[in-house]
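The next block is target01.tsv, given as TSV, C-alpha atoms.
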```
chain	number	residue	atom	x	y	z
A	9	MET	CA	-33.22	-16.37	-5.99
A	10	ARG	CA	-33.38	-13.20	-3.84
A	11	LYS	CA	-33.60	-15.23	-0.64
A	12	SER	CA	-30.57	-17.33	-1.59
A	13	MET	CA	-28.49	-14.21	-2.35
A	14	LEU	CA	-29.30	-12.79	1.09
A	15	ALA	CA	-28.49	-16.10	2.73
A	16	ILE	CA	-25.09	-16.19	1.02
A	17	ALA	CA	-24.32	-12.64	2.18
A	18	LEU	CA	-25.32	-13.41	5.74
A	19	GLY	CA	-23.46	-16.70	5.73
A	20	GLY	CA	-20.23	-15.01	4.62
A	21	ALA	CA	-20.64	-12.31	7.21
A	22	LEU	CA	-21.08	-14.84	10.01
A	23	MET	CA	-17.61	-16.21	9.32
A	24	THR	CA	-16.13	-13.10	10.92
A	25	ALA	CA	-18.90	-12.25	13.39
A	26	PRO	CA	-17.84	-10.03	16.30
A	27	VAL	CA	-18.73	-10.81	19.90
A	28	VAL	CA	-22.09	-9.16	20.66
A	29	GLN	CA	-23.19	-7.84	24.04
A	30	ALA	CA	-26.86	-8.89	24.11
A	31	ASP	CA	-27.92	-7.96	27.66
A	32	THR	CA	-31.10	-6.21	26.50
A	33	LEU	CA	-32.20	-8.92	24.05
A	34	GLU	CA	-34.49	-11.57	25.48
A	35	THR	CA	-34.78	-14.42	22.96
A	36	ASP	CA	-32.20	-16.28	20.92
A	37	GLN	CA	-33.95	-15.14	17.74
A	38	GLN	CA	-33.68	-11.50	18.82
A	39	LYS	CA	-30.01	-11.98	19.56
A	40	LEU	CA	-29.42	-13.65	16.19
A	41	SER	CA	-31.29	-10.94	14.31
A	42	TYR	CA	-29.45	-8.19	16.16
A	43	SER	CA	-26.11	-9.88	15.50
A	44	LEU	CA	-26.84	-10.07	11.78
A	45	GLY	CA	-27.76	-6.40	11.82
A	46	LEU	CA	-24.46	-5.50	13.46
A	47	ILE	CA	-22.46	-7.62	11.03
A	48	LEU	CA	-24.13	-6.29	7.90
A	49	GLY	CA	-24.10	-2.75	9.26
A	50	GLU	CA	-20.37	-2.88	9.92
A	51	ARG	CA	-19.69	-4.17	6.44
A	52	LEU	CA	-22.01	-1.74	4.71
A	53	GLN	CA	-20.67	1.26	6.64
A	54	ALA	CA	-17.24	0.73	5.07
A	55	ASP	CA	-18.70	1.42	1.60
A	56	VAL	CA	-21.91	3.36	2.23
A	57	ASP	CA	-21.53	5.96	4.95
A	58	ASP	CA	-24.91	7.57	4.18
A	59	LEU	CA	-27.08	4.43	4.02
A	60	ASP	CA	-30.81	5.14	4.09
A	61	ILE	CA	-31.78	2.83	6.96
A	62	ASP	CA	-35.50	3.10	6.24
A	63	ALA	CA	-35.11	2.12	2.58
A	64	PHE	CA	-32.70	-0.67	3.54
A	65	THR	CA	-35.20	-2.04	6.07
A	66	GLN	CA	-37.96	-1.78	3.47
A	67	GLY	CA	-35.89	-3.91	1.07
A	68	VAL	CA	-35.25	-6.60	3.70
A	69	GLU	CA	-38.93	-6.66	4.64
A	70	ALA	CA	-39.92	-7.05	1.00
A	71	ILE	CA	-37.83	-10.23	0.80
A	72	TYR	CA	-39.07	-11.73	4.07
A	73	ASN	CA	-42.71	-10.78	3.42
A	74	GLU	CA	-42.48	-12.06	-0.18
A	75	GLU	CA	-43.66	-8.71	-1.50
A	76	THR	CA	-43.06	-7.44	-5.01
A	77	PRO	CA	-39.88	-5.32	-4.83
A	78	LEU	CA	-40.03	-1.68	-5.88
A	79	LEU	CA	-37.04	-2.33	-8.21
A	80	ASP	CA	-36.70	-5.22	-10.63
A	81	GLN	CA	-33.43	-7.05	-11.31
A	82	GLU	CA	-32.48	-4.81	-14.23
A	83	GLN	CA	-33.05	-1.66	-12.20
A	84	MET	CA	-31.10	-3.08	-9.27
A	85	ALA	CA	-28.19	-3.92	-11.57
A	86	ALA	CA	-28.18	-0.36	-12.97
A	87	VAL	CA	-28.21	1.11	-9.44
A	88	MET	CA	-25.31	-1.08	-8.31
A	89	GLN	CA	-23.27	-0.35	-11.45
A	90	ALA	CA	-23.72	3.40	-10.93
A	91	PHE	CA	-22.74	3.05	-7.26
A	92	GLN	CA	-19.60	1.08	-8.13
A	93	ALA	CA	-18.61	3.61	-10.78
A	94	ARG	CA	-19.07	6.44	-8.27
A	95	LYS	CA	-16.96	4.65	-5.65
A	96	MET	CA	-14.20	3.98	-8.18
A	97	GLU	CA	-14.13	7.66	-9.16
A	98	GLU	CA	-13.97	8.70	-5.51
A	99	GLN	CA	-11.07	6.33	-4.96
A	100	ARG	CA	-9.32	7.63	-8.08
A	101	GLN	CA	-9.67	11.22	-6.90
A	102	ALA	CA	-8.45	10.35	-3.41
A	103	MET	CA	-5.42	8.58	-4.88
A	104	ALA	CA	-4.66	11.53	-7.16
A	105	GLU	CA	-4.83	13.95	-4.22
A	106	LEU	CA	-2.55	11.71	-2.14
A	107	ALA	CA	-0.11	11.37	-5.04
A	108	GLN	CA	0.11	15.16	-5.44
A	109	ALA	CA	0.53	15.68	-1.69
A	110	ASN	CA	3.32	13.10	-1.57
A	111	LEU	CA	4.98	14.72	-4.59
A	112	ASP	CA	4.90	18.15	-2.94
A	113	LYS	CA	6.22	16.87	0.40
A	114	GLY	CA	8.93	14.90	-1.37
A	115	LYS	CA	10.04	17.94	-3.35
A	116	ALA	CA	10.31	20.00	-0.16
A	117	TYR	CA	12.33	17.24	1.50
A	118	GLN	CA	14.66	16.98	-1.49
A	119	ASP	CA	15.18	20.74	-1.56
A	120	ASP	CA	16.22	20.72	2.10
A	121	ASN	CA	18.38	17.62	1.76
A	122	ALA	CA	20.24	19.05	-1.25
A	123	LYS	CA	21.57	21.85	0.96
A	124	ARG	CA	23.31	19.43	3.32
A	125	ASP	CA	27.09	19.12	3.14
A	126	GLY	CA	28.28	16.15	1.13
A	127	VAL	CA	25.07	15.64	-0.84
A	128	GLN	CA	25.48	15.36	-4.60
A	129	VAL	CA	22.50	15.85	-6.90
A	130	THR	CA	22.77	14.08	-10.26
A	131	ASP	CA	21.18	15.17	-13.53
A	132	SER	CA	18.32	12.73	-12.96
A	133	GLY	CA	17.51	14.26	-9.56
A	134	LEU	CA	18.99	11.44	-7.48
A	135	GLN	CA	20.63	12.66	-4.27
A	136	TYR	CA	23.76	10.77	-3.26
A	137	GLU	CA	25.69	11.09	-0.02
A	138	GLU	CA	28.77	9.00	0.73
A	139	LEU	CA	28.81	7.84	4.35
A	140	GLU	CA	31.83	5.55	4.16
A	141	ALA	CA	34.28	5.36	1.26
A	142	GLY	CA	34.80	2.03	-0.45
A	143	GLU	CA	38.00	0.79	-2.00
A	144	GLY	CA	36.81	-1.89	-4.41
A	145	ALA	CA	35.29	-1.82	-7.88
A	146	SER	CA	32.22	0.15	-8.87
A	147	PRO	CA	29.43	-1.96	-10.39
A	148	LYS	CA	27.99	-1.56	-13.85
A	149	ALA	CA	24.25	-1.72	-14.51
A	150	SER	CA	24.71	-5.23	-15.89
A	151	ASP	CA	26.40	-6.49	-12.70
A	152	THR	CA	24.94	-8.31	-9.73
A	153	VAL	CA	25.49	-6.69	-6.34
A	154	LYS	CA	25.37	-7.93	-2.77
A	155	VAL	CA	24.14	-5.28	-0.34
A	156	HIS	CA	22.83	-4.48	3.09
A	157	TYR	CA	20.21	-1.73	3.11
A	158	ARG	CA	17.52	0.08	5.02
A	159	GLY	CA	14.61	1.80	3.25
A	160	GLU	CA	12.49	4.57	4.77
A	161	LEU	CA	9.87	7.11	3.80
A	162	ILE	CA	10.71	10.77	4.37
A	163	ASP	CA	8.83	10.72	7.69
A	164	GLY	CA	11.18	8.03	8.97
A	165	THR	CA	8.80	5.09	8.53
A	166	GLN	CA	10.89	2.03	7.72
A	167	PHE	CA	9.35	-0.15	5.02
A	168	ASP	CA	12.17	-2.61	4.38
A	169	SER	CA	15.50	-3.63	5.87
A	170	SER	CA	17.98	-6.40	5.24
A	171	TYR	CA	19.54	-5.43	8.57
A	172	ALA	CA	16.32	-6.37	10.33
A	173	ARG	CA	16.42	-9.76	8.60
A	174	ASN	CA	20.12	-10.04	9.42
A	175	GLU	CA	20.77	-11.19	5.87
A	176	PRO	CA	22.27	-9.25	2.93
A	177	VAL	CA	20.59	-9.41	-0.47
A	178	SER	CA	21.98	-10.05	-3.95
A	179	PHE	CA	20.24	-8.90	-7.14
A	180	PRO	CA	20.95	-7.77	-10.73
A	181	LEU	CA	21.48	-4.01	-10.68
A	182	ASP	CA	19.41	-3.54	-13.83
A	183	GLY	CA	16.43	-5.26	-12.20
A	184	VAL	CA	15.66	-2.68	-9.50
A	185	ILE	CA	14.24	0.86	-9.41
A	186	PRO	CA	16.22	3.40	-11.47
A	187	GLY	CA	17.40	5.29	-8.39
A	188	TRP	CA	19.15	2.16	-7.12
A	189	THR	CA	20.62	1.33	-10.51
A	190	GLU	CA	22.13	4.79	-10.79
A	191	GLY	CA	23.08	5.25	-7.15
A	192	LEU	CA	24.99	2.01	-6.66
A	193	GLN	CA	27.10	2.69	-9.74
A	194	LEU	CA	28.43	5.75	-7.89
A	195	MET	CA	29.66	3.53	-5.05
A	196	LYS	CA	32.71	1.34	-4.62
A	197	GLU	CA	32.76	-2.11	-3.09
A	198	GLY	CA	32.97	-1.82	0.69
A	199	GLY	CA	31.36	1.65	0.72
A	200	LYS	CA	28.23	2.93	2.37
A	201	SER	CA	25.94	5.67	1.09
A	202	ARG	CA	22.63	7.41	1.61
A	203	LEU	CA	20.32	7.75	-1.37
A	204	VAL	CA	17.35	10.10	-1.54
A	205	ILE	CA	15.34	8.88	-4.50
A	206	PRO	CA	12.60	11.03	-6.11
A	207	ALA	CA	9.33	9.32	-6.96
A	208	GLU	CA	10.08	9.26	-10.69
A	209	LEU	CA	13.20	7.18	-9.97
A	210	ALA	CA	11.36	4.96	-7.49
A	211	TYR	CA	7.81	3.54	-7.74
A	212	GLY	CA	6.09	6.61	-9.17
A	213	PRO	CA	2.33	7.20	-8.96
A	214	GLY	CA	1.60	3.49	-8.60
A	215	GLY	CA	3.49	3.07	-5.33
A	216	MET	CA	4.17	-0.43	-4.04
A	217	GLY	CA	1.41	-2.22	-2.16
A	218	ASN	CA	0.57	-0.85	1.25
A	219	ALA	CA	4.18	-0.06	2.14
A	220	ILE	CA	4.90	2.75	-0.32
A	221	GLY	CA	2.22	5.22	-1.37
A	222	PRO	CA	1.90	6.99	-4.73
A	223	ASN	CA	4.73	9.38	-5.62
A	224	GLU	CA	6.67	8.72	-2.42
A	225	THR	CA	10.26	9.98	-2.14
A	226	LEU	CA	12.38	7.17	-0.69
A	227	VAL	CA	15.47	7.28	1.52
A	228	PHE	CA	17.92	4.38	1.50
A	229	GLU	CA	21.06	3.65	3.46
A	230	VAL	CA	23.07	1.13	1.44
A	231	GLU	CA	26.25	-0.85	2.01
A	232	LEU	CA	27.81	-2.30	-1.16
A	233	LEU	CA	29.32	-5.54	0.10
A	234	GLU	CA	30.30	-7.26	-3.15
A	235	VAL	CA	30.09	-6.87	-6.91
A	236	ASN	CA	29.23	-10.07	-8.80
A	237	PRO	CA	29.45	-12.29	-5.69
A	238	GLU	CA	28.62	-15.42	-7.71
A	239	ASP	CA	31.67	-14.85	-9.91
A	240	GLU	CA	33.90	-14.49	-6.87
A	241	ALA	CA	32.50	-17.66	-5.32
A	242	ALA	CA	33.06	-19.59	-8.57
A	243	ALA	CA	36.65	-18.37	-8.78
A	244	GLU	CA	37.35	-19.74	-5.31
```

Hey, can you dump this file as structure tokens for me?
Amino acid sequence: MRKSMLAIALGGALMTAPVVQADTLETDQQKLSYSLGLILGERLQADVDDLDIDAFTQGVEAIYNEETPLLDQEQMAAVMQAFQARKMEEQRQAMAELAQANLDKGKAYQDDNAKRDGVQVTDSGLQYEELEAGEGASPKASDTVKVHYRGELIDGTQFDSSYARNEPVSFPLDGVIPGWTEGLQLMKEGGKSRLVIPAELAYGPGGMGNAIGPNETLVFEVELLEVNPEDEAAAE
């Protein structure tokens, strides 16, 4: 059973094996063994930065020499469970620290932005700046809107853009983040605005995938092209 588990691990690792420079290795078996060491080492280093190489080697030798392991299956399971719990706690702490840092940086950005001419701060904390006045109707939360937009983090990193796709987007206004729902109701059809959205009105501590971290303040430039575009199309 132990041999088959090691074989599965090595087999999976070989699927993404890097190119190895083996100038100092003489036999094919040496090259293979060295390659497997590199592959496993690279994978293990990502999770265990303080691996005890001697103990690791001792474990591998116990398998290949068919020796009685120093830990039985139950002990191994307990060790791995404790390791996984420790890693999860480290990740949780790192995420909490990042979330607080993002919250602090976002607050400082909002404080500076609120001092700019033309910026309105609503009761919720949303910051709204009209870039171009519209002349049409303002949407309600229950309406569908057609927009062009660009979304950025406060450091200027762009995470989404309908301009880049060269295609506007339509969606129900009550189906997006609260900052959008509130901000677009302040606009008129044909207008353009800049929204600075605090984390609590955006994706909060959970963030959104790899694009938006925990407690990120978001900056959007939005053009409101149409309100209820499907209704207008049906009327035509």

Around the point (0.6, 10.5, -2.6), in the coordinates given by the file, pick out the residues reaching within 6 Å, counting all atoms listed in the file, and return them as a PyMOL selection string. chain A and resi 106-110+221-223

Counting only C-alpha atoms, select every polymer residue within 12 Å of (16.8, 3.7, -11.6) as defined in the file's coordinates, and provide the selection as a PyMOL selection string. chain A and resi 132-134+149+181-193+203-212

Rank A:Leu232, A:Leu111, A:Leu139, A:Leu40 by their smallest atom-to-atom distance to A:Lys154, using all atoms listed in the file, and report the top residue only. A:Leu232

Kindly give the distance, in Å, that separates atom CA of A:Ile162 and atom CA of A:Asn174, rounded to a single decimal.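 Answer for the atom CA of A:Ile162 to atom CA of A:Asn174 separation: 23.4 Å.
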
Please measure the separation of atom CA of A:Asp36 and atom CA of A:Glu75, giving the value in Å to one decimal.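 Separating atom CA of A:Asp36 from atom CA of A:Glu75 is a distance of 26.3 Å.
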
d(atom CA of A:Ser146, atom CA of A:Met195) in Å: 5.7 Å

Pick from A:Glu34, A:Glu234, A:Asp55, A:Glu229: nearest to A:Glu137, with all atoms listed in the file counted?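 The shortest atom-to-atom distance to A:Glu137 comes from A:Glu229.
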
Complete stretch 49-61 of chain A at the level of N, CA and C atoms, written as a PDB file, in the coordinates of the input.
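Saved to result.pdb:
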```
ATOM      1  N   GLY A  49     -24.302  -4.189   9.110  1.00  0.00           N
ATOM      2  CA  GLY A  49     -24.100  -2.750   9.260  1.00  0.00           C
ATOM      3  C   GLY A  49     -22.640  -2.375   9.228  1.00  0.00           C
ATOM      4  N   GLU A  50     -21.803  -3.162   9.901  1.00  0.00           N
ATOM      5  CA  GLU A  50     -20.370  -2.880   9.920  1.00  0.00           C
ATOM      6  C   GLU A  50     -19.778  -2.982   8.526  1.00  0.00           C
ATOM      7  N   ARG A  51     -20.224  -3.993   7.801  1.00  0.00           N
ATOM      8  CA  ARG A  51     -19.690  -4.170   6.440  1.00  0.00           C
ATOM      9  C   ARG A  51     -20.189  -3.085   5.496  1.00  0.00           C
ATOM     10  N   LEU A  52     -21.454  -2.749   5.607  1.00  0.00           N
ATOM     11  CA  LEU A  52     -22.010  -1.740   4.710  1.00  0.00           C
ATOM     12  C   LEU A  52     -21.431  -0.357   5.002  1.00  0.00           C
ATOM     13  N   GLN A  53     -21.175  -0.065   6.263  1.00  0.00           N
ATOM     14  CA  GLN A  53     -20.670   1.260   6.640  1.00  0.00           C
ATOM     15  C   GLN A  53     -19.339   1.567   5.972  1.00  0.00           C
ATOM     16  N   ALA A  54     -18.546   0.532   5.709  1.00  0.00           N
ATOM     17  CA  ALA A  54     -17.240   0.730   5.070  1.00  0.00           C
ATOM     18  C   ALA A  54     -17.387   1.291   3.656  1.00  0.00           C
ATOM     19  N   ASP A  55     -18.500   0.983   2.986  1.00  0.00           N
ATOM     20  CA  ASP A  55     -18.700   1.420   1.600  1.00  0.00           C
ATOM     21  C   ASP A  55     -19.787   2.467   1.451  1.00  0.00           C
ATOM     22  N   VAL A  56     -20.778   2.443   2.355  1.00  0.00           N
ATOM     23  CA  VAL A  56     -21.910   3.360   2.230  1.00  0.00           C
ATOM     24  C   VAL A  56     -22.080   4.090   3.554  1.00  0.00           C
ATOM     25  N   ASP A  57     -21.475   5.250   3.671  1.00  0.00           N
ATOM     26  CA  ASP A  57     -21.530   5.960   4.950  1.00  0.00           C
ATOM     27  C   ASP A  57     -22.820   6.751   5.136  1.00  0.00           C
ATOM     28  N   ASP A  58     -23.648   6.838   4.076  1.00  0.00           N
ATOM     29  CA  ASP A  58     -24.910   7.570   4.180  1.00  0.00           C
ATOM     30  C   ASP A  58     -26.083   6.641   3.838  1.00  0.00           C
ATOM     31  N   LEU A  59     -26.027   5.413   4.297  1.00  0.00           N
ATOM     32  CA  LEU A  59     -27.080   4.430   4.020  1.00  0.00           C
ATOM     33  C   LEU A  59     -28.434   4.926   4.529  1.00  0.00           C
ATOM     34  N   ASP A  60     -29.442   4.807   3.684  1.00  0.00           N
ATOM     35  CA  ASP A  60     -30.810   5.140   4.090  1.00  0.00           C
ATOM     36  C   ASP A  60     -31.372   3.918   4.829  1.00  0.00           C
ATOM     37  N   ILE A  61     -31.382   3.978   6.157  1.00  0.00           N
ATOM     38  CA  ILE A  61     -31.780   2.830   6.960  1.00  0.00           C
ATOM     39  C   ILE A  61     -33.226   2.434   6.685  1.00  0.00           C
TER      40      ILE A  61
END
```
